[in-house]
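To keep things clear, I will list the structure first and then write my remarks on it.
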Amino acid sequence: MKKVIQIAAFGCLAAGLVLGTSGVAAAKTVSDKKYAKSLCGAIQGVSDTIDRIQPSSGGDPTATQQQILASTDQLLDSLNTAKAKAAKISPSDGGKKVTKIFDQYFQSNIDGVTAARQKLASADPANVAFAADIAQFTAALRTLDATTGDPFSKLSAYQDLLRALKKEQACSQIVTVFGG
């Protein structure tokens with residue numbers, strides 16, 4: 001049972017994490033093609049981090065907690081790195097409005113993962129309710145997508161950008177683009 005909970009907790013780290021940009025005021029305007037490549041490359045970097053996360057194989061609850069927290073720290077580092085990378089640019093179609101959409105979405109994901117991590121970190125692995133604490137952590141990550149929304153769905157006014165996202169190979173692996 002513990003193994004299933006551990007695997008579920010790590011599987012949920014991947015659930016719904018789509019990333020964006022920050023630093024709207026300092027963003028340099030670039031072509032939509034370059035923006036799509038950079039944004040989707042940043043998202044792919046986080047996806048690669050998630051793929052490398054392995055659940056704890058031991059039955060020790062303290063070790064399990066530490067493994068989950070360490071993996072969550074890796075995920076947060078990856079999210080922040082991707083956010084910083086994407087913050088440097090804005091697309092020519094939509095500009096800072098688009099950058100702001102992704103900034104808000106990205107920050108919401110970071111905040112959600114951080115809150116779930118803090119709650120799990122304060123849980124007592126020796127308590128019989130620890131399995132429930134892991135389940136709450138898992139649920140928090142699973143519902144993150146529902147609470148943060150989909151930034152790509154807010155791009156319908158930016159058809160040139162949507163076309164660039166649709167054509168970018170890295171984007172096709174992380175999002176289905178309609179329109180453009």
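Letters for chains follow the order of the structure tokens (A, B, ...), residue numbers begin at 1 for each chain, and ligand numbers begin at 1 in the order shown.
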
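Residues lying within 7 Å of region 72-77 of chain A, counting only C-alpha atoms and ignoring same-chain neighbours fewer than 2 positions away, are A:Thr49, A:Ile50, A:Ile68, A:Leu69, A:Ala70, A:Leu79, A:Asn80, A:Thr81, A:Ile110, A:Arg117.
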
Problem set entry | DSSP strand (DSSP E) residues within chain A, listed as JSON, numbers by chain | {"A": [28, 29, 30, 89, 90, 91]}

For this session: Identify all residues of region 61-179 of chain A in helix (DSSP H, G or I) (DSSP on the backbone) and supply them as a PyMOL selection string.
Result: chain A and resi 61-86+95-121+130-142+144-148+151-154+159-167+169-172

Exercise. From the list A:Ala126, A:Val177, A:Ala27, A:Ile53, which residue is nearest Lys154 (chain A) when using only C-alpha atoms?
Worked result: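 Counting only C-alpha atoms, the residue closest to Lys154 (chain A) is A:Val177.
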
Closest atom pairs, residues of region 43-148 of chain A within 12 Å of region 167-172 of chain A, only C-alpha atoms, as a tab-separated table:
residue	atom	partner	partner_atom	distance
A:Ile43	CA	A:Cys171	CA	8.6
A:Gln44	CA	A:Ala170	CA	7.1
A:Gly45	CA	A:Ala170	CA	10.3
A:Ser47	CA	A:Ala170	CA	11.2

Quick one: residues within 12 Å of region 128-130 of chain A, only C-alpha atoms, excluding same-chain residues fewer than 5 positions away - as a PDB file with all heavy atoms, in the first residue's frame?
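Saved as around.pdb:
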ATOM      1  N   LYS A   2       1.939   1.245   0.810  1.00  0.00           N
ATOM      2  CA  LYS A   2       2.816   2.414   0.873  1.00  0.00           C
ATOM      3  C   LYS A   2       3.443   2.677  -0.491  1.00  0.00           C
ATOM      4  O   LYS A   2       3.593   3.815  -0.896  1.00  0.00           O
ATOM      5  CB  LYS A   2       3.892   2.233   1.924  1.00  0.00           C
ATOM      6  CG  LYS A   2       3.367   2.302   3.335  1.00  0.00           C
ATOM      7  CD  LYS A   2       4.481   2.106   4.325  1.00  0.00           C
ATOM      8  CE  LYS A   2       3.927   2.081   5.743  1.00  0.00           C
ATOM      9  NZ  LYS A   2       4.960   1.837   6.723  1.00  0.00           N
ATOM     10  N   ILE A   5       1.010   4.458  -2.710  1.00  0.00           N
ATOM     11  CA  ILE A   5       0.875   5.861  -2.291  1.00  0.00           C
ATOM     12  C   ILE A   5       2.080   6.654  -2.775  1.00  0.00           C
ATOM     13  O   ILE A   5       1.945   7.767  -3.279  1.00  0.00           O
ATOM     14  CB  ILE A   5       0.711   5.968  -0.763  1.00  0.00           C
ATOM     15  CG1 ILE A   5      -0.641   5.398  -0.347  1.00  0.00           C
ATOM     16  CG2 ILE A   5       0.825   7.413  -0.297  1.00  0.00           C
ATOM     17  CD1 ILE A   5      -0.816   5.255   1.147  1.00  0.00           C
ATOM     18  N   GLN A   6       3.281   6.084  -2.648  1.00  0.00           N
ATOM     19  CA  GLN A   6       4.494   6.774  -3.069  1.00  0.00           C
ATOM     20  C   GLN A   6       4.476   7.026  -4.572  1.00  0.00           C
ATOM     21  O   GLN A   6       4.784   8.121  -5.021  1.00  0.00           O
ATOM     22  CB  GLN A   6       5.723   5.951  -2.701  1.00  0.00           C
ATOM     23  CG  GLN A   6       5.937   5.831  -1.209  1.00  0.00           C
ATOM     24  CD  GLN A   6       6.921   4.732  -0.854  1.00  0.00           C
ATOM     25  OE1 GLN A   6       7.407   4.010  -1.709  1.00  0.00           O
ATOM     26  NE2 GLN A   6       7.191   4.602   0.430  1.00  0.00           N
ATOM     27  N   ASP A  60       9.948   2.851   4.772  1.00  0.00           N
ATOM     28  CA  ASP A  60      10.110   3.756   5.894  1.00  0.00           C
ATOM     29  C   ASP A  60       9.402   5.078   5.599  1.00  0.00           C
ATOM     30  O   ASP A  60       9.777   5.787   4.661  1.00  0.00           O
ATOM     31  CB  ASP A  60      11.608   3.993   6.138  1.00  0.00           C
ATOM     32  CG  ASP A  60      11.869   5.000   7.243  1.00  0.00           C
ATOM     33  OD1 ASP A  60      11.014   5.152   8.137  1.00  0.00           O
ATOM     34  OD2 ASP A  60      12.932   5.646   7.200  1.00  0.00           O
ATOM     35  N   PRO A  61       8.380   5.448   6.385  1.00  0.00           N
ATOM     36  CA  PRO A  61       7.632   6.680   6.128  1.00  0.00           C
ATOM     37  C   PRO A  61       8.505   7.942   6.157  1.00  0.00           C
ATOM     38  O   PRO A  61       8.289   8.859   5.368  1.00  0.00           O
ATOM     39  CB  PRO A  61       6.586   6.720   7.235  1.00  0.00           C
ATOM     40  CG  PRO A  61       6.444   5.310   7.692  1.00  0.00           C
ATOM     41  CD  PRO A  61       7.789   4.671   7.483  1.00  0.00           C
ATOM     42  N   THR A  62       9.496   7.988   7.050  1.00  0.00           N
ATOM     43  CA  THR A  62      10.372   9.159   7.123  1.00  0.00           C
ATOM     44  C   THR A  62      11.188   9.283   5.842  1.00  0.00           C
ATOM     45  O   THR A  62      11.321  10.382   5.283  1.00  0.00           O
ATOM     46  CB  THR A  62      11.301   9.078   8.350  1.00  0.00           C
ATOM     47  OG1 THR A  62      10.485   8.993   9.521  1.00  0.00           O
ATOM     48  CG2 THR A  62      12.212  10.280   8.444  1.00  0.00           C
ATOM     49  N   THR A  64      10.344   8.057   2.959  1.00  0.00           N
ATOM     50  CA  THR A  64       9.378   8.389   1.916  1.00  0.00           C
ATOM     51  C   THR A  64       9.113   9.890   1.896  1.00  0.00           C
ATOM     52  O   THR A  64       9.135  10.526   0.842  1.00  0.00           O
ATOM     53  CB  THR A  64       8.056   7.623   2.133  1.00  0.00           C
ATOM     54  OG1 THR A  64       8.325   6.220   2.048  1.00  0.00           O
ATOM     55  CG2 THR A  64       6.999   8.020   1.118  1.00  0.00           C
ATOM     56  N   GLN A  65       8.877  10.465   3.077  1.00  0.00           N
ATOM     57  CA  GLN A  65       8.618  11.889   3.174  1.00  0.00           C
ATOM     58  C   GLN A  65       9.812  12.689   2.642  1.00  0.00           C
ATOM     59  O   GLN A  65       9.644  13.628   1.856  1.00  0.00           O
ATOM     60  CB  GLN A  65       8.320  12.281   4.619  1.00  0.00           C
ATOM     61  CG  GLN A  65       8.003  13.760   4.787  1.00  0.00           C
ATOM     62  CD  GLN A  65       7.826  14.145   6.242  1.00  0.00           C
ATOM     63  OE1 GLN A  65       8.551  13.661   7.110  1.00  0.00           O
ATOM     64  NE2 GLN A  65       6.852  15.008   6.499  1.00  0.00           N
ATOM     65  N   LYS A 119       2.852  21.702   3.519  1.00  0.00           N
ATOM     66  CA  LYS A 119       1.919  20.907   4.320  1.00  0.00           C
ATOM     67  C   LYS A 119       2.479  19.505   4.561  1.00  0.00           C
ATOM     68  O   LYS A 119       2.406  18.983   5.677  1.00  0.00           O
ATOM     69  CB  LYS A 119       0.556  20.842   3.637  1.00  0.00           C
ATOM     70  CG  LYS A 119      -0.504  20.218   4.498  1.00  0.00           C
ATOM     71  CD  LYS A 119      -1.884  20.415   3.932  1.00  0.00           C
ATOM     72  CE  LYS A 119      -2.886  19.833   4.910  1.00  0.00           C
ATOM     73  NZ  LYS A 119      -4.245  20.046   4.470  1.00  0.00           N
ATOM     74  N   LEU A 120       3.052  18.903   3.529  1.00  0.00           N
ATOM     75  CA  LEU A 120       3.637  17.566   3.702  1.00  0.00           C
ATOM     76  C   LEU A 120       4.856  17.619   4.614  1.00  0.00           C
ATOM     77  O   LEU A 120       5.069  16.714   5.427  1.00  0.00           O
ATOM     78  CB  LEU A 120       4.007  16.948   2.356  1.00  0.00           C
ATOM     79  CG  LEU A 120       4.541  15.518   2.438  1.00  0.00           C
ATOM     80  CD1 LEU A 120       3.472  14.565   2.983  1.00  0.00           C
ATOM     81  CD2 LEU A 120       5.027  15.043   1.086  1.00  0.00           C
ATOM     82  N   ALA A 121       5.650  18.671   4.502  1.00  0.00           N
ATOM     83  CA  ALA A 121       6.843  18.807   5.347  1.00  0.00           C
ATOM     84  C   ALA A 121       6.479  18.882   6.823  1.00  0.00           C
ATOM     85  O   ALA A 121       7.239  18.424   7.683  1.00  0.00           O
ATOM     86  CB  ALA A 121       7.648  20.036   4.938  1.00  0.00           C
ATOM     87  N   SER A 122       5.306  19.432   7.123  1.00  0.00           N
ATOM     88  CA  SER A 122       4.888  19.554   8.520  1.00  0.00           C
ATOM     89  C   SER A 122       4.188  18.300   9.041  1.00  0.00           C
ATOM     90  O   SER A 122       3.905  18.194  10.235  1.00  0.00           O
ATOM     91  CB  SER A 122       3.983  20.775   8.707  1.00  0.00           C
ATOM     92  OG  SER A 122       2.756  20.583   8.038  1.00  0.00           O
ATOM     93  N   ALA A 123       3.936  17.342   8.161  1.00  0.00           N
ATOM     94  CA  ALA A 123       3.280  16.097   8.571  1.00  0.00           C
ATOM     95  C   ALA A 123       4.258  15.216   9.358  1.00  0.00           C
ATOM     96  O   ALA A 123       5.459  15.231   9.118  1.00  0.00           O
ATOM     97  CB  ALA A 123       2.772  15.348   7.346  1.00  0.00           C
ATOM     98  N   ALA A 135      -1.852  11.416   0.696  1.00  0.00           N
ATOM     99  CA  ALA A 135      -3.020  11.491  -0.184  1.00  0.00           C
ATOM    100  C   ALA A 135      -3.450  12.950  -0.394  1.00  0.00           C
ATOM    101  O   ALA A 135      -3.825  13.345  -1.504  1.00  0.00           O
ATOM    102  CB  ALA A 135      -4.167  10.669   0.391  1.00  0.00           C
ATOM    103  N   GLN A 136      -3.381  13.755   0.652  1.00  0.00           N
ATOM    104  CA  GLN A 136      -3.719  15.179   0.516  1.00  0.00           C
ATOM    105  C   GLN A 136      -2.714  15.900  -0.380  1.00  0.00           C
ATOM    106  O   GLN A 136      -3.084  16.750  -1.189  1.00  0.00           O
ATOM    107  CB  GLN A 136      -3.780  15.851   1.887  1.00  0.00           C
ATOM    108  CG  GLN A 136      -4.994  15.474   2.690  1.00  0.00           C
ATOM    109  CD  GLN A 136      -4.999  16.112   4.076  1.00  0.00           C
ATOM    110  OE1 GLN A 136      -4.021  16.723   4.497  1.00  0.00           O
ATOM    111  NE2 GLN A 136      -6.109  15.958   4.778  1.00  0.00           N
ATOM    112  N   PHE A 137      -1.444  15.560  -0.236  1.00  0.00           N
ATOM    113  CA  PHE A 137      -0.403  16.120  -1.088  1.00  0.00           C
ATOM    114  C   PHE A 137      -0.695  15.776  -2.551  1.00  0.00           C
ATOM    115  O   PHE A 137      -0.667  16.635  -3.433  1.00  0.00           O
ATOM    116  CB  PHE A 137       0.962  15.560  -0.655  1.00  0.00           C
ATOM    117  CG  PHE A 137       2.109  15.945  -1.549  1.00  0.00           C
ATOM    118  CD1 PHE A 137       2.735  17.168  -1.391  1.00  0.00           C
ATOM    119  CD2 PHE A 137       2.570  15.084  -2.537  1.00  0.00           C
ATOM    120  CE1 PHE A 137       3.807  17.530  -2.204  1.00  0.00           C
ATOM    121  CE2 PHE A 137       3.633  15.434  -3.343  1.00  0.00           C
ATOM    122  CZ  PHE A 137       4.254  16.658  -3.177  1.00  0.00           C
TER     123      PHE A 137
END

At most 8 Å is the cut-off: for each residue in region 38-110 of chain A with any atom that close to an atom of region 138-149 of chain A, write down the nearest atom pair and the distance in Å rounded to one decimal, counting only C-alpha atoms, chain first then increasing number, as JSON lines.
{"residue": "A:Tyr105", "atom": "CA", "partner": "A:Thr148", "partner_atom": "CA", "distance": 6.1}
{"residue": "A:Ser108", "atom": "CA", "partner": "A:Thr148", "partner_atom": "CA", "distance": 6.0}
{"residue": "A:Asn109", "atom": "CA", "partner": "A:Thr148", "partner_atom": "CA", "distance": 6.8}
